[in-house]
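S.K.: File follows, upload_37.pdb with PDB, C-alpha atoms:
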ATOM      1  CA  MET G   1     122.441  93.287 104.940
ATOM      2  CA  ASN G   2     124.210  95.498 107.465
ATOM      3  CA  GLU G   3     124.638  92.491 109.761
ATOM      4  CA  ASN G   4     126.365  90.472 107.051
ATOM      5  CA  PRO G   5     129.601  92.213 105.958
ATOM      6  CA  ALA G   6     130.356  89.597 103.269
ATOM      7  CA  LEU G   7     126.953  90.137 101.640
ATOM      8  CA  ARG G   8     127.283  93.932 101.893
ATOM      9  CA  SER G   9     130.741  93.769 100.288
ATOM     10  CA  ALA G  10     129.481  91.538  97.442
ATOM     11  CA  LEU G  11     126.554  93.902  96.780
ATOM     12  CA  ASP G  12     128.864  96.931  96.737
ATOM     13  CA  ARG G  13     131.210  95.183  94.275
ATOM     14  CA  ASN G  14     128.228  94.305  92.085
ATOM     15  CA  LEU G  15     126.985  97.929  92.029
ATOM     16  CA  LYS G  16     130.468  99.229  91.157
ATOM     17  CA  SER G  17     130.864  96.612  88.415
ATOM     18  CA  ALA G  18     127.518  97.619  86.908
ATOM     19  CA  VAL G  19     128.618 101.270  86.828
ATOM     20  CA  THR G  20     131.957 100.366  85.232
ATOM     21  CA  ALA G  21     130.372  98.167  82.542
ATOM     22  CA  ALA G  22     127.839 100.907  81.766
ATOM     23  CA  PHE G  23     130.608 103.548  81.557
ATOM     24  CA  LEU G  24     132.392 101.453  78.939
ATOM     25  CA  MET G  25     129.257 101.209  76.778
ATOM     26  CA  LEU G  26     128.116 104.832  77.014
ATOM     27  CA  PRO G  27     129.389 108.058  75.410
ATOM     28  CA  GLU G  28     131.702 110.508  77.162
ATOM     29  CA  SER G  29     128.924 112.900  78.185
ATOM     30  CA  LEU G  30     125.524 111.686  79.330
ATOM     31  CA  SER G  31     122.638 112.183  81.717
ATOM     32  CA  GLU G  32     122.356 110.178  84.905
ATOM     33  CA  GLU G  33     119.084 108.768  83.537
ATOM     34  CA  ASP G  34     120.976 107.406  80.503
ATOM     35  CA  LEU G  35     123.377 105.738  82.934
ATOM     36  CA  PHE G  36     120.550 104.261  85.020
ATOM     37  CA  LEU G  37     118.844 102.931  81.882
ATOM     38  CA  GLU G  38     122.089 101.269  80.807
ATOM     39  CA  ILE G  39     122.632  99.767  84.268
ATOM     40  CA  ALA G  40     119.059  98.479  84.528
ATOM     41  CA  GLY G  41     119.355  96.999  81.043
ATOM     42  CA  LEU G  42     122.537  95.046  81.804
ATOM     43  CA  SER G  43     120.700  92.011  83.106
ATOM     44  CA  TYR G  44     118.464  91.945  80.010
ATOM     45  CA  SER G  45     121.149  92.319  77.329
ATOM     46  CA  GLY G  46     121.369  89.022  75.491
ATOM     47  CA  ASP G  47     118.269  87.621  77.212
ATOM     48  CA  PHE G  48     116.292  85.916  74.450
ATOM     49  CA  ARG G  49     113.107  86.560  76.425
ATOM     50  CA  MET G  50     113.477  90.273  75.644
ATOM     51  CA  VAL G  51     113.057  89.452  71.963
ATOM     52  CA  ILE G  52     109.978  87.283  72.469
ATOM     53  CA  GLY G  53     107.773  87.656  75.497
ATOM     54  CA  GLU G  54     108.828  90.860  77.208
ATOM     55  CA  GLU G  55     107.476  94.326  76.692
ATOM     56  CA  LYS G  56     110.168  96.383  74.946
ATOM     57  CA  THR G  57     109.818  99.297  77.372
ATOM     58  CA  LYS G  58     110.510  97.112  80.421
ATOM     59  CA  VAL G  59     113.814  98.800  81.325
ATOM     60  CA  LEU G  60     112.348 102.282  80.828
ATOM     61  CA  ASN G  61     109.390 101.298  83.028
ATOM     62  CA  ILE G  62     111.828 100.208  85.741
ATOM     63  CA  VAL G  63     113.964 103.369  85.659
ATOM     64  CA  LYS G  64     111.519 106.257  85.001
ATOM     65  CA  PRO G  65     109.510 105.999  88.239
ATOM     66  CA  ASN G  66     112.596 105.092  90.297
ATOM     67  CA  VAL G  67     115.238 107.655  89.292
ATOM     68  CA  GLU G  68     115.455 108.906  92.883
ATOM     69  CA  HIS G  69     116.112 105.353  94.155
ATOM     70  CA  PHE G  70     118.815 104.880  91.529
ATOM     71  CA  ARG G  71     120.422 108.150  92.709
ATOM     72  CA  GLU G  72     120.421 106.864  96.292
ATOM     73  CA  LEU G  73     121.861 103.521  95.231
ATOM     74  CA  TYR G  74     124.582 104.815  92.893
ATOM     75  CA  GLY G  75     125.184 108.428  93.998
ATOM     76  CA  THR G  76     128.139 107.778  96.306
ATOM     77  CA  ILE G  77     129.744 105.375  93.826
ATOM     78  CA  LEU G  78     129.489 108.013  91.078
ATOM     79  CA  GLN G  79     130.864 110.803  93.280
ATOM     80  CA  GLU G  80     133.829 108.676  94.395
ATOM     81  CA  ASN G  81     134.607 107.199  90.960
ATOM     82  CA  PRO G  82     137.880 108.625  89.587
ATOM     83  CA  GLN G  83     136.809 107.708  86.026
ATOM     84  CA  ALA G  84     133.879 110.138  86.015
ATOM     85  CA  PHE G  85     132.913 113.675  86.888
ATOM     86  CA  TYR G  86     129.394 113.631  88.339
ATOM     87  CA  LYS G  87     127.540 116.944  88.188
ATOM     88  CA  THR G  88     124.814 116.106  90.682
ATOM     89  CA  GLN G  89     122.929 119.405  90.341
ATOM     90  CA  GLN G  90     122.591 119.025  86.563
ATOM     91  CA  GLY G  91     122.194 115.244  86.668
ATOM     92  CA  ARG G  92     125.035 114.877  84.147
ATOM     93  CA  LEU G  93     128.234 112.856  83.938
ATOM     94  CA  GLU G  94     131.508 113.107  82.052
ATOM     95  CA  ILE G  95     133.313 109.777  81.665
ATOM     96  CA  ASP G  96     137.012 109.252  80.989
ATOM     97  CA  LYS G  97     136.969 107.623  77.540
ATOM     98  CA  SER G  98     140.727 107.793  76.990
ATOM     99  CA  PRO G  99     142.408 104.440  76.273
ATOM    100  CA  GLU G 100     144.065 104.649  79.682
ATOM    101  CA  GLY G 101     140.741 105.341  81.402
ATOM    102  CA  GLN G 102     139.013 102.535  79.537
ATOM    103  CA  PHE G 103     141.852 100.130  80.358
ATOM    104  CA  THR G 104     141.495 100.973  84.054
ATOM    105  CA  GLN G 105     137.752 100.329  83.800
ATOM    106  CA  LEU G 106     138.226  97.060  81.896
ATOM    107  CA  MET G 107     140.702  95.844  84.522
ATOM    108  CA  THR G 108     138.120  96.349  87.294
ATOM    109  CA  LEU G 109     135.360  94.357  85.551
ATOM    110  CA  PRO G 110     134.452  90.970  87.031
ATOM    111  CA  LYS G 111     136.803  88.173  85.933
ATOM    112  CA  THR G 112     133.995  86.298  84.148
ATOM    113  CA  LEU G 113     133.331  89.286  81.894
ATOM    114  CA  GLN G 114     137.052  89.866  81.316
ATOM    115  CA  GLN G 115     137.442  86.241  80.244
ATOM    116  CA  GLN G 116     134.418  86.491  77.947
ATOM    117  CA  ILE G 117     135.902  89.604  76.297
ATOM    118  CA  ASN G 118     139.195  87.740  75.906
ATOM    119  CA  HIS G 119     137.322  84.826  74.309
ATOM    120  CA  ILE G 120     135.612  87.194  71.825
ATOM    121  CA  MET G 121     138.770  89.117  70.910
ATOM    122  CA  ASP G 122     141.459  86.427  71.000
ATOM    123  CA  PRO G 123     141.707  84.676  67.629
ATOM    124  CA  PRO G 124     142.232  80.891  67.765
ATOM    125  CA  GLY G 125     145.850  79.911  68.246
ATOM    126  CA  LYS G 126     147.025  83.278  69.624
ATOM    127  CA  ASN G 127     146.304  82.553  73.290
ATOM    128  CA  ARG G 128     146.993  86.044  74.578
ATOM    129  CA  ASP G 129     146.531  86.705  78.252
ATOM    130  CA  VAL G 130     143.473  88.625  79.415
ATOM    131  CA  GLU G 131     145.386  91.798  80.306
ATOM    132  CA  GLU G 132     146.935  92.013  76.812
ATOM    133  CA  THR G 133     143.493  91.596  75.227
ATOM    134  CA  LEU G 134     141.930  94.231  77.496
ATOM    135  CA  LEU G 135     144.699  96.673  76.587
ATOM    136  CA  GLN G 136     143.861  96.142  72.895
ATOM    137  CA  VAL G 137     140.127  96.597  73.589
ATOM    138  CA  ALA G 138     140.812  99.818  75.544
ATOM    139  CA  HIS G 139     142.332 101.332  72.378
ATOM    140  CA  ASP G 140     139.548 100.045  70.127
ATOM    141  CA  PRO G 141     136.899 102.637  69.092
ATOM    142  CA  ASP G 142     134.352  99.801  69.425
ATOM    143  CA  CYS G 143     135.322  99.053  73.037
ATOM    144  CA  GLY G 144     131.731  99.492  74.259
ATOM    145  CA  ASP G 145     130.407  97.093  71.625
ATOM    146  CA  VAL G 146     132.917  94.440  72.694
ATOM    147  CA  VAL G 147     131.868  94.817  76.344
ATOM    148  CA  ARG G 148     128.211  94.595  75.285
ATOM    149  CA  LEU G 149     128.916  91.381  73.339
ATOM    150  CA  GLY G 150     130.648  89.878  76.366
ATOM    151  CA  LEU G 151     127.764  90.766  78.660
ATOM    152  CA  SER G 152     125.188  89.480  76.186
ATOM    153  CA  ALA G 153     126.945  86.123  75.952
ATOM    154  CA  ILE G 154     126.919  85.741  79.743
ATOM    155  CA  VAL G 155     123.275  86.831  80.129
ATOM    156  CA  ARG G 156     122.113  84.673  77.192
ATOM    157  CA  LEU G 157     123.536  81.522  78.768
ATOM    158  CA  SER G 158     122.008  82.394  82.139
ATOM    159  CA  SER G 159     118.564  83.163  80.662
ATOM    160  CA  ILE G 160     118.499  79.873  78.768
ATOM    161  CA  ARG G 161     119.398  78.002  81.977
ATOM    162  CA  GLN G 162     116.689  79.831  83.938
ATOM    163  CA  SER G 163     114.045  79.151  81.298
ATOM    164  CA  THR G 164     114.965  75.486  81.089
ATOM    165  CA  LYS G 165     114.944  75.182  84.875
ATOM    166  CA  GLY G 166     111.510  76.890  84.938
ATOM    167  CA  ILE G 167     110.068  74.290  82.581
ATOM    168  CA  PHE G 168     111.277  71.435  84.776
ATOM    169  CA  THR G 169     110.322  73.132  88.048
ATOM    170  CA  ALA G 170     106.874  74.450  87.107
ATOM    171  CA  GLY G 171     106.040  71.837  84.524
ATOM    172  CA  MET G 172     105.359  72.170  80.825
ATOM    173  CA  LYS G 173     101.701  73.244  81.169
ATOM    174  CA  LYS G 174     102.394  76.068  83.634
ATOM    175  CA  SER G 175     105.377  77.209  81.557
ATOM    176  CA  VAL G 176     103.250  77.389  78.406
ATOM    177  CA  VAL G 177     100.492  79.322  80.241
ATOM    178  CA  TYR G 178     103.085  81.730  81.697
ATOM    179  CA  SER G 179     104.697  82.227  78.275
ATOM    180  CA  ALA G 180     101.321  82.872  76.669
ATOM    181  CA  ARG G 181     100.577  85.571  79.265
ATOM    182  CA  LYS G 182     103.956  87.204  78.632
ATOM    183  CA  LEU G 183     103.327  87.185  74.867
ATOM    184  CA  HIS G 184      99.874  88.664  75.404
ATOM    185  CA  LYS G 185     101.394  91.445  77.545
ATOM    186  CA  MET G 186     104.027  92.088  74.875
ATOM    187  CA  TRP G 187     101.337  92.373  72.167
ATOM    188  CA  ARG G 188      99.320  94.783  74.311
ATOM    189  CA  GLY G 189     102.427  96.963  74.658
ATOM    190  CA  TRP G 190     102.884  96.979  70.879
ATOM    191  CA  LEU G 191      99.229  97.828  70.287
ATOM    192  CA  ARG G 192      99.414 100.768  72.731
ATOM    193  CA  LYS G 193     102.299 102.209  70.701
ATOM    194  CA  ALA G 194     100.637 101.692  67.313
ATOM    195  CA  PRO G 195      99.296 104.969  65.814
TER     196      PRO G 195
END
Could you show the structure in this file as structure tokens?
M.R.:
Amino acid sequence: MNENPALRSALDRNLKSAVTAAFLMLPESLSEEDLFLEIAGLSYSGDFRMVIGEEKTKVLNIVKPNVEHFRELYGTILQENPQAFYKTQQGRLEIDKSPEGQFTQLMTLPKTLQQQINHIMDPPGKNRDVEETLLQVAHDPDCGDVVRLGLSAIVRLSSIRQSTKGIFTAGMKKSVVYSARKLHKMWRGWLRKAP
């Protein structure tokens, strides 16, 4: 990675975008673990496989044993982010949830997500530009829900494509066997939780 500046830059942008999206969906005051759970869950929001076939504690199982790695990965970004106050000793954050702060965050999201938010919020025939829509969303008390809907729509489409590609690549039989194993694992997780 260090030898490829373009890759390093893309990875850094991706990490910052994940933090920004999570900030928009979380409350003003939170623990760093809450933030890491939200970030780790971004790629699963809207994924239909999380409803059927995945253990519900998957994100928690990713974050809990790796909190220290998440701190290493996101610590500098959190300390340098002007939209948050990161209390490293307490493992707590305060996020700027003012309309101005949220607008700044919305404007730094990836263009695909901005366009998806615009698509959700722009009624047919109005054809507002993305910036105008994001300004409206920044003032909306449900701003985080709108961002979550936008992310879910993007992830849902991607997960359907991946699943379809898997069927054609691995073949129907292997896909069915794999799905059956995932369902079995999901059921085991449910049974462990049952009183």
S.K.: Take the PyMOL selection byres ((chain G and resi 86-92) around 6), run it mentally on this structure, and tell me the resulting residues as a PDB file with C-alpha atoms, in the frame of the given file.
M.R.:
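The file below, result.pdb, is the result:
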ATOM      1  CA  LEU G  30     125.524 111.686  79.330  1.00  0.00           C
ATOM      2  CA  SER G  31     122.638 112.183  81.717  1.00  0.00           C
ATOM      3  CA  GLU G  32     122.356 110.178  84.905  1.00  0.00           C
ATOM      4  CA  GLN G  79     130.864 110.803  93.280  1.00  0.00           C
ATOM      5  CA  PHE G  85     132.913 113.675  86.888  1.00  0.00           C
ATOM      6  CA  LEU G  93     128.234 112.856  83.938  1.00  0.00           C
TER       7      LEU G  93
END
S.K.: Tell me, as a ChimeraX atom specification, which residues lie within 9 Å of G:Leu60, counting only C-alpha atoms; anything in the same chain fewer than 5 positions away does not count.
M.R.: /G:37,40-41,65
S.K.: Decode the PyMOL selection byres ((chain G and resi 35) around 12) for the given file into explicit residues and return them as number ranges by chain.
M.R.: G: 18-34, 36-42, 59-60, 63, 67, 70-71, 74-75, 78, 84, 86, 91-95
S.K.: Can you tell me how far atom CA of G:Gln83 sits from atom CA of G:Gly101, in Å to one decimal?
M.R.: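 Pair atom CA of G:Gln83 / atom CA of G:Gly101 returns 6.5 Å.
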S.K.: From the options G:Ala10, G:Leu134, G:Ile117, G:Ile154, which residue's atoms come nearest to G:Gln105, counting all atoms listed in the file?
M.R.: G:Leu134
S.K.: Counting all atoms listed in the file, what is within 7 Å of G:Val130, bar same-chain residues fewer than 6 positions away, as a list of chain:residue names?
M.R.: G:Gln114, G:Gln115, G:Asn118
S.K.: Which distance in Å separates atom CA of G:Asn66 and atom CA of G:Leu15, to one decimal?
M.R.: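 Between these atoms lies a distance of 16.2 Å.
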S.K.: For a test of reading the model, state the distance in Å between atom CA of G:Leu113 and atom CA of G:Asn14, rounded to one decimal.
M.R.: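 Interatomic distance, atom CA of G:Leu113 to atom CA of G:Asn14: 12.5 Å.
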S.K.: Step by step, work through what the PyMOL selection byres ((chain G and resi 150) around 10) selects in the shown file, and finish by giving those residues as a list of chain:residue names.
M.R.: G:Ser45, G:Gly46, G:Thr112, G:Leu113, G:Gln114, G:Gln115, G:Gln116, G:Ile117, G:Asn118, G:His119, G:Ile120, G:Met121, G:Gly144, G:Asp145, G:Val146, G:Val147, G:Arg148, G:Leu149, G:Leu151, G:Ser152, G:Ala153, G:Ile154, G:Val155
S.K.: Calculated over only C-alpha atoms, which of the candidates G:His69, G:Arg128, G:Lys111, G:Lys97 has the smallest distance to G:Cys143?
M.R.: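 Closest candidate: G:Lys97.
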S.K.: Go through G:Ser17, G:Thr76, G:Ser43, G:Ser9 and flag the residue nearest G:Leu109, using all atoms listed in the file for the distances.
M.R.: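 The closest residue to G:Leu109 is G:Ser17.
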S.K.: Would you save stretch 16-30 of chain G to a file, keeping all heavy atoms, as a compact mmCIF listing (two decimals), in the first residue's frame?
M.R.:
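What ended up in part-v3.txt:
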# COMPACT_ATOMS: atom_id res chain seq x y z
N LYS G 16 -12.32 7.93 5.76
CA LYS G 16 -12.92 9.21 6.16
C LYS G 16 -14.41 9.25 5.81
O LYS G 16 -15.21 9.76 6.59
CB LYS G 16 -12.18 10.38 5.48
CG LYS G 16 -10.81 10.61 6.07
CD LYS G 16 -10.06 11.70 5.32
CE LYS G 16 -8.65 11.83 5.89
NZ LYS G 16 -7.82 12.75 5.12
N SER G 17 -14.77 8.71 4.66
CA SER G 17 -16.18 8.67 4.26
C SER G 17 -16.99 7.80 5.21
O SER G 17 -18.13 8.13 5.54
CB SER G 17 -16.32 8.14 2.83
OG SER G 17 -15.76 9.03 1.91
N ALA G 18 -16.42 6.69 5.64
CA ALA G 18 -17.11 5.80 6.59
C ALA G 18 -17.36 6.53 7.90
O ALA G 18 -18.45 6.44 8.48
CB ALA G 18 -16.29 4.53 6.82
N VAL G 19 -16.37 7.27 8.38
CA VAL G 19 -16.52 8.04 9.62
C VAL G 19 -17.62 9.08 9.45
O VAL G 19 -18.49 9.23 10.31
CB VAL G 19 -15.18 8.70 10.03
CG1 VAL G 19 -15.39 9.74 11.11
CG2 VAL G 19 -14.19 7.65 10.49
N THR G 20 -17.60 9.80 8.35
CA THR G 20 -18.58 10.86 8.11
C THR G 20 -20.00 10.28 8.05
O THR G 20 -20.92 10.82 8.67
CB THR G 20 -18.26 11.62 6.81
OG1 THR G 20 -16.94 12.17 6.92
CG2 THR G 20 -19.25 12.73 6.56
N ALA G 21 -20.18 9.20 7.31
CA ALA G 21 -21.51 8.58 7.21
C ALA G 21 -21.98 8.13 8.60
O ALA G 21 -23.14 8.35 8.97
CB ALA G 21 -21.48 7.40 6.23
N ALA G 22 -21.09 7.53 9.36
CA ALA G 22 -21.44 7.07 10.71
C ALA G 22 -21.81 8.25 11.60
O ALA G 22 -22.79 8.18 12.35
CB ALA G 22 -20.29 6.27 11.31
N PHE G 23 -21.04 9.34 11.53
CA PHE G 23 -21.35 10.54 12.32
C PHE G 23 -22.78 11.00 12.06
O PHE G 23 -23.49 11.39 12.98
CB PHE G 23 -20.40 11.69 11.97
CG PHE G 23 -19.06 11.64 12.64
CD1 PHE G 23 -18.12 12.62 12.36
CD2 PHE G 23 -18.72 10.64 13.53
CE1 PHE G 23 -16.87 12.60 12.98
CE2 PHE G 23 -17.47 10.61 14.14
CZ PHE G 23 -16.55 11.60 13.86
N LEU G 24 -23.19 10.99 10.80
CA LEU G 24 -24.51 11.48 10.44
C LEU G 24 -25.63 10.60 10.99
O LEU G 24 -26.75 11.07 11.21
CB LEU G 24 -24.63 11.59 8.92
CG LEU G 24 -23.87 12.77 8.31
CD1 LEU G 24 -23.62 12.55 6.83
CD2 LEU G 24 -24.61 14.08 8.56
N MET G 25 -25.33 9.33 11.25
CA MET G 25 -26.36 8.39 11.70
C MET G 25 -26.36 8.17 13.21
O MET G 25 -27.24 7.48 13.73
CB MET G 25 -26.18 7.06 10.97
CG MET G 25 -26.44 7.17 9.49
SD MET G 25 -26.36 5.60 8.62
CE MET G 25 -24.61 5.27 8.64
N LEU G 26 -25.40 8.73 13.90
CA LEU G 26 -25.25 8.51 15.34
C LEU G 26 -25.66 9.74 16.14
O LEU G 26 -25.72 10.84 15.60
CB LEU G 26 -23.80 8.13 15.65
CG LEU G 26 -23.39 6.73 15.18
CD1 LEU G 26 -21.88 6.59 15.18
CD2 LEU G 26 -24.03 5.66 16.04
N PRO G 27 -25.90 9.56 17.45
CA PRO G 27 -26.25 10.73 18.28
C PRO G 27 -25.04 11.62 18.53
O PRO G 27 -23.90 11.26 18.19
CB PRO G 27 -26.73 10.08 19.59
CG PRO G 27 -26.10 8.73 19.62
CD PRO G 27 -25.94 8.30 18.19
N GLU G 28 -25.29 12.74 19.17
CA GLU G 28 -24.25 13.75 19.41
C GLU G 28 -23.13 13.25 20.31
O GLU G 28 -21.97 13.57 20.12
CB GLU G 28 -24.91 14.98 20.02
CG GLU G 28 -24.00 16.15 20.20
CD GLU G 28 -24.74 17.38 20.70
OE1 GLU G 28 -25.94 17.29 20.99
OE2 GLU G 28 -24.09 18.43 20.80
N SER G 29 -23.47 12.46 21.30
CA SER G 29 -22.48 11.94 22.24
C SER G 29 -22.51 10.41 22.19
O SER G 29 -23.59 9.81 22.27
CB SER G 29 -22.83 12.43 23.65
OG SER G 29 -21.89 11.95 24.58
N LEU G 30 -21.35 9.81 22.07
CA LEU G 30 -21.29 8.35 21.92
C LEU G 30 -19.93 7.81 22.30
O LEU G 30 -18.96 8.56 22.43
CB LEU G 30 -21.62 7.95 20.48
CG LEU G 30 -20.63 8.44 19.43
CD1 LEU G 30 -20.47 7.40 18.34
CD2 LEU G 30 -21.12 9.74 18.82
